[in-house]
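Q: Take a look at this one; I'll ask things after.
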Amino acid sequence: MLIEECEKKLQNKFKELEEISFFNQKKVLDAFKECRVSTNHFFGSSGYGYDDVGRDTLRKVYSKVFKTDDSIVSPLITCGSHAISIVLYGLLRPGDTLLSISGDLYDTLKETLFGDGNGSLEDFGISYRQVEMNESEFDCNAIISTILKLKPKVIFIQRSRGYSSRKALSCQAMGEIFSKIREVYKEGFIVVDNCYGEFVEKTEPTEVGADVVVGSLIKNPGGGLAPTGGYIAGKQDAIDLIAKRFTSPSLGLEVGSFEMGYRLFYQGLFLAPHVVKETIKGAYLVGKLMEEKGYKVIPSSEEKAFDIIKSIVFNTEEELVKFVQNIQKISPVDSFVLPLPWDMPGYNDKVIMAAGTFVSGASIELSCDSPIKKPYIAYFQGGLTYEHIKILAEELEKLY
C-alpha cells in the first residue's frame, strides 16, 4: 500500500520527532517538579480569585517551560487573537509604532489594527507598518533600516504562516534576526505569535531573544485537553504592563477566578509534547501521500516542520472543498456534518472549516480550514493520535 511506502520514507523524520518530544517532555516534567505541582492546584476559585494557588502555580509552570520571568495563563483569554490583542494594547501607547517583520498579520487581527471608532490601535493613535518577507526568509536589510527609521515600540513576528504560502519560522531564524536587531536597537519589545509552534522544536522563541511569546491553549500547549484559554509569557517589565491591560492597572494579576478548576490545563500541558509529536507525524504522512498524488505541499516532506500545519495546494475550489469535507467525515465528533464555505467573523474571504473536535475549534485536534481564494490552499493541522491521522490518510488514498 502507498501509505506503508510513505511511512518507510518518513522513518528518519519520525525518529527526529521522537527525540524532540522526549526532550520537551522532560522539560515540562522538570517544570512541574520544580513548581511542586500537587492536586490542590487543580481546584478552582470564585469571585475575585484572591490567593488562587492553581492559577498562580500554572503561571509559574509556564514560566519555567518557556524560560521567562513571568507569564499569564488564563481560561478567561478567549483565543489566540484575543491574547495577542491583550499584549499589543498592554505594550503600546498613543504615538507608538507596531512593526511586523514577518509580513501581513492573520485575518482576525485586522480590526485590532485598523478602523475608525471601533477601538482599534489606529483609533488610539498607534501606527502600524510591516516589512514583507523574502519568500520564507526575513529581509534583514529592510528590517534594520525600517527599525532605525521608525523606532517601533513593538516588533512583531508571526511564527506560523496564517493564510499565506510561506513556511513557518524556526527559532534559529528568529534568533539570528533578533540578534541583529538588538545590535542596533535596544528599545522596544520583540513579541512572537507562537501559535501552532510550541514544542515543535527543542527551543522556544523566548530562548533566542523574544521578550514575549503568546499563544492559544486550544492549540499545542493545551495538549487537546484544555477547554479554552491562552497564555502570555515573557520578561517581567513586559508582563507587568500586559497584566494591567488584562485586568486593570489597579489589579494586575492579583485577581481572576475560574470555578471549574485547572486540572485539564495542567494535564494538557503535560501531554502537549507527545500530542504535538503525534500531530506532526500525521502531517508528514498526509503531506507525503498528497505529494505522491501530485500535489504541492508546504513544507515538503523533505523539509523540517516549524509548526503543526501542513499546507496543501489544490488546483480548483472544488478540490479544496472536497478535501476539507473529507476531514470532517473522519472526525469523531459531527462526522455527519457537511462543511460549506461561509462568511466567518473576523475573516476577509469566505472560509471553509472542518473541525469535528471535542473542544470547539481546537486546532490541535484533527482539523482543516481555508479561505476560498486563489491559490486554493488547505491548511491541515492537528490530530491527537497518529493512528487517527493514518485512518484519514487511508481514506484520502482512495479518493485521489
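By order in the C-alpha cells, chains are A, B, ...; within a chain, residues start at 1; ligands start at 1, following the order shown.
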Within 8 Å of stretch 311-318 of chain A, which residues of stretch 331-388 of chain A show up? Give each one with its shortest atom-to-atom distance in Å (one decimal) and the two atoms involved, counting only C-alpha atoms, rows by chain then rising residue number, as JSON lines.
A:
{"residue": "A:Ile372", "atom": "CA", "partner": "A:Glu317", "partner_atom": "CA", "distance": 6.9}
{"residue": "A:Lys373", "atom": "CA", "partner": "A:Glu317", "partner_atom": "CA", "distance": 7.8}
{"residue": "A:Pro375", "atom": "CA", "partner": "A:Val313", "partner_atom": "CA", "distance": 7.1}
{"residue": "A:Tyr376", "atom": "CA", "partner": "A:Phe314", "partner_atom": "CA", "distance": 5.3}
{"residue": "A:Ile377", "atom": "CA", "partner": "A:Val313", "partner_atom": "CA", "distance": 4.4}
{"residue": "A:Ala378", "atom": "CA", "partner": "A:Ile312", "partner_atom": "CA", "distance": 5.2}
{"residue": "A:Tyr379", "atom": "CA", "partner": "A:Ser311", "partner_atom": "CA", "distance": 4.7}
{"residue": "A:Phe380", "atom": "CA", "partner": "A:Ser311", "partner_atom": "CA", "distance": 6.1}
Q: Which residues, written as a list in words, have at least one atom at most 7 Å from stretch 21-25 of chain A, with only C-alpha atoms counted and residues fewer than 3 positions away on the same chain left out?
A: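 Using only C-alpha atoms, the neighbours found are Leu17, Glu18, Val28, Leu29, Phe199, Lys202, Pro273, His274 and Lys277 of chain A.
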Q: For the structure I just gave you, how does DSSP split stretch 102-217 of chain A - specifically, which residues are helix (DSSP H, G or I)? Reply as a PyMOL selection string.
A: chain A and resi 107-113+122-124+140-150+171-184+205-207
Q: What's around A:Asp104 at 8 Å? Count only C-alpha atoms, leave out sequence neighbours fewer than 2 positions away in its own chain, and write the answer as a compact mmCIF listing (two decimals) with C-alpha atoms, in the first residue's frame.
A:
# COMPACT_ATOMS: atom_id res chain seq x y z
CA SER A 100 5.58 43.42 11.81
CA SER A 102 7.08 38.80 9.06
CA TYR A 106 -3.57 36.98 10.41
CA GLN A 130 5.16 45.86 8.05
CA GLU A 132 7.47 41.79 3.75
Q: Just checking: using only C-alpha atoms, which residue out of A:Ala272, A:Ile155, A:Met133, A:Leu338 ends up closest to A:Lys26?
A: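 Using only C-alpha atoms, the shortest distance to A:Lys26 belongs to A:Ala272.
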Q: Can you tell me which residues surround A:Glu394 at a distance of at most 12 Å, considering only C-alpha atoms, apart from same-chain residues fewer than 6 positions away, and format the answer as a list in words?
A: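 With the cut-off at 12 Å, the set is Met1, Leu2, Ile3, Glu4, Cys6, Gly282, Leu285, Val286, Leu289, Met290, Asn326, Ile327, Ile330, Glu387, His388 and Tyr400 of chain A.
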Q: Which residues are near A:His82? Cut-off 12 Å, only C-alpha atoms, ignore same chain within fewer than 5 positions. Put them as a PDB file with N, CA and C atoms, in the first residue's frame.
A:
ATOM      1  N   SER A  74      -4.527  31.893  31.381  1.00  0.00           N
ATOM      2  CA  SER A  74      -5.885  32.077  31.870  1.00  0.00           C
ATOM      3  C   SER A  74      -6.942  31.512  30.934  1.00  0.00           C
ATOM      4  N   PRO A  75      -7.947  30.828  31.504  1.00  0.00           N
ATOM      5  CA  PRO A  75      -9.103  30.406  30.705  1.00  0.00           C
ATOM      6  C   PRO A  75      -9.977  31.586  30.305  1.00  0.00           C
ATOM      7  N   LEU A  76      -9.738  32.766  30.883  1.00  0.00           N
ATOM      8  CA  LEU A  76     -10.516  33.953  30.553  1.00  0.00           C
ATOM      9  C   LEU A  76     -10.056  34.596  29.246  1.00  0.00           C
ATOM     10  N   ILE A  77      -8.909  34.164  28.730  1.00  0.00           N
ATOM     11  CA  ILE A  77      -8.459  34.589  27.402  1.00  0.00           C
ATOM     12  C   ILE A  77      -9.181  33.710  26.391  1.00  0.00           C
ATOM     13  N   VAL A  87      -1.732  41.707  24.545  1.00  0.00           N
ATOM     14  CA  VAL A  87      -0.310  42.064  24.526  1.00  0.00           C
ATOM     15  C   VAL A  87      -0.101  43.425  23.866  1.00  0.00           C
ATOM     16  N   LEU A  88      -0.706  43.627  22.712  1.00  0.00           N
ATOM     17  CA  LEU A  88      -0.494  44.866  21.958  1.00  0.00           C
ATOM     18  C   LEU A  88      -1.047  46.077  22.700  1.00  0.00           C
ATOM     19  N   TYR A  89      -2.246  45.939  23.244  1.00  0.00           N
ATOM     20  CA  TYR A  89      -2.826  47.053  23.989  1.00  0.00           C
ATOM     21  C   TYR A  89      -2.087  47.296  25.302  1.00  0.00           C
ATOM     22  N   THR A 108      -7.833  37.700  11.526  1.00  0.00           N
ATOM     23  CA  THR A 108      -8.619  38.078  12.701  1.00  0.00           C
ATOM     24  C   THR A 108      -7.999  39.219  13.498  1.00  0.00           C
ATOM     25  N   LEU A 109      -6.779  39.641  13.134  1.00  0.00           N
ATOM     26  CA  LEU A 109      -6.146  40.766  13.817  1.00  0.00           C
ATOM     27  C   LEU A 109      -6.328  42.087  13.071  1.00  0.00           C
ATOM     28  N   GLU A 111      -8.933  43.988  12.408  1.00  0.00           N
ATOM     29  CA  GLU A 111      -9.737  45.010  13.077  1.00  0.00           C
ATOM     30  C   GLU A 111      -9.125  45.438  14.410  1.00  0.00           C
ATOM     31  N   THR A 112      -8.165  44.668  14.910  1.00  0.00           N
ATOM     32  CA  THR A 112      -7.378  45.137  16.051  1.00  0.00           C
ATOM     33  C   THR A 112      -6.449  46.260  15.620  1.00  0.00           C
ATOM     34  N   ASP A 193       4.081  35.816  18.011  1.00  0.00           N
ATOM     35  CA  ASP A 193       2.864  34.996  17.993  1.00  0.00           C
ATOM     36  C   ASP A 193       3.327  33.554  17.794  1.00  0.00           C
ATOM     37  N   VAL A 214       3.265  34.475  22.837  1.00  0.00           N
ATOM     38  CA  VAL A 214       1.831  34.439  23.113  1.00  0.00           C
ATOM     39  C   VAL A 214       1.192  33.337  22.288  1.00  0.00           C
ATOM     40  N   GLY A 215       0.177  32.677  22.855  1.00  0.00           N
ATOM     41  CA  GLY A 215      -0.470  31.594  22.126  1.00  0.00           C
ATOM     42  C   GLY A 215      -1.791  31.186  22.740  1.00  0.00           C
ATOM     43  N   SER A 216      -2.407  30.203  22.108  1.00  0.00           N
ATOM     44  CA  SER A 216      -3.722  29.699  22.499  1.00  0.00           C
ATOM     45  C   SER A 216      -3.587  28.346  23.176  1.00  0.00           C
ATOM     46  N   LEU A 217      -4.408  28.106  24.188  1.00  0.00           N
ATOM     47  CA  LEU A 217      -4.370  26.827  24.895  1.00  0.00           C
ATOM     48  C   LEU A 217      -5.164  25.738  24.186  1.00  0.00           C
ATOM     49  N   THR A 228     -10.306  25.855  26.903  1.00  0.00           N
ATOM     50  CA  THR A 228     -10.321  27.242  26.463  1.00  0.00           C
ATOM     51  C   THR A 228      -9.013  27.884  26.909  1.00  0.00           C
ATOM     52  N   GLY A 229      -8.840  29.175  26.639  1.00  0.00           N
ATOM     53  CA  GLY A 229      -7.742  29.912  27.259  1.00  0.00           C
ATOM     54  C   GLY A 229      -6.580  30.263  26.357  1.00  0.00           C
ATOM     55  N   GLY A 230      -5.690  31.076  26.933  1.00  0.00           N
ATOM     56  CA  GLY A 230      -4.491  31.493  26.237  1.00  0.00           C
ATOM     57  C   GLY A 230      -3.370  31.748  27.226  1.00  0.00           C
ATOM     58  N   TYR A 231      -2.155  31.933  26.705  1.00  0.00           N
ATOM     59  CA  TYR A 231      -1.006  32.211  27.568  1.00  0.00           C
ATOM     60  C   TYR A 231      -0.186  33.342  26.981  1.00  0.00           C
ATOM     61  N   ILE A 232       0.496  34.056  27.867  1.00  0.00           N
ATOM     62  CA  ILE A 232       1.426  35.115  27.504  1.00  0.00           C
ATOM     63  C   ILE A 232       2.613  34.956  28.442  1.00  0.00           C
ATOM     64  N   ARG A 245      -3.405  45.564  31.456  1.00  0.00           N
ATOM     65  CA  ARG A 245      -4.418  45.589  30.418  1.00  0.00           C
ATOM     66  C   ARG A 245      -5.328  44.379  30.528  1.00  0.00           C
ATOM     67  N   PHE A 246      -4.765  43.242  30.932  1.00  0.00           N
ATOM     68  CA  PHE A 246      -5.544  42.006  31.057  1.00  0.00           C
ATOM     69  C   PHE A 246      -6.674  42.184  32.065  1.00  0.00           C
ATOM     70  N   GLY A 346     -14.480  37.866  11.392  1.00  0.00           N
ATOM     71  CA  GLY A 346     -13.060  38.179  11.509  1.00  0.00           C
ATOM     72  C   GLY A 346     -12.241  37.886  10.271  1.00  0.00           C
TER      73      GLY A 346
END
Q: Which of these, A:Ser170, A:Thr206, A:Gln236, A:Gln328, has the shortest distance to A:Glu395 once you count only C-alpha atoms?
A: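 Residue with the minimum atom-to-atom distance to A:Glu395: A:Gln328.
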Q: Given only C-alpha atoms as the basis, pick out the residue of A:Lys390, A:Lys33, A:Lys153, A:Lys350 nearest to A:Phe189.
A: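 So, comparing all the options, the nearest one is A:Lys153.
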Q: Any idea what the distance is between atom CA of A:Gly252 and atom CA of A:Leu91?
A: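 Atom-to-atom, atom CA of A:Gly252 and atom CA of A:Leu91 are spaced 14.0 Å apart.
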Q: Excluding same-chain residues fewer than 4 positions from A:Arg159, what lies within 10 Å of it counting only C-alpha atoms, as a PyMOL selection string?
A: chain A and resi 102+167-171+174+192-197+205+306-307
Q: From the set A:Gly223, A:Gly54, A:Gly209, A:Gly49, which residue has the shortest atom-to-atom contact distance to A:Thr385, counting only C-alpha atoms?
A: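 Between A:Gly223, A:Gly54, A:Gly209, A:Gly49, the residue approaching A:Thr385 most closely is A:Gly223.
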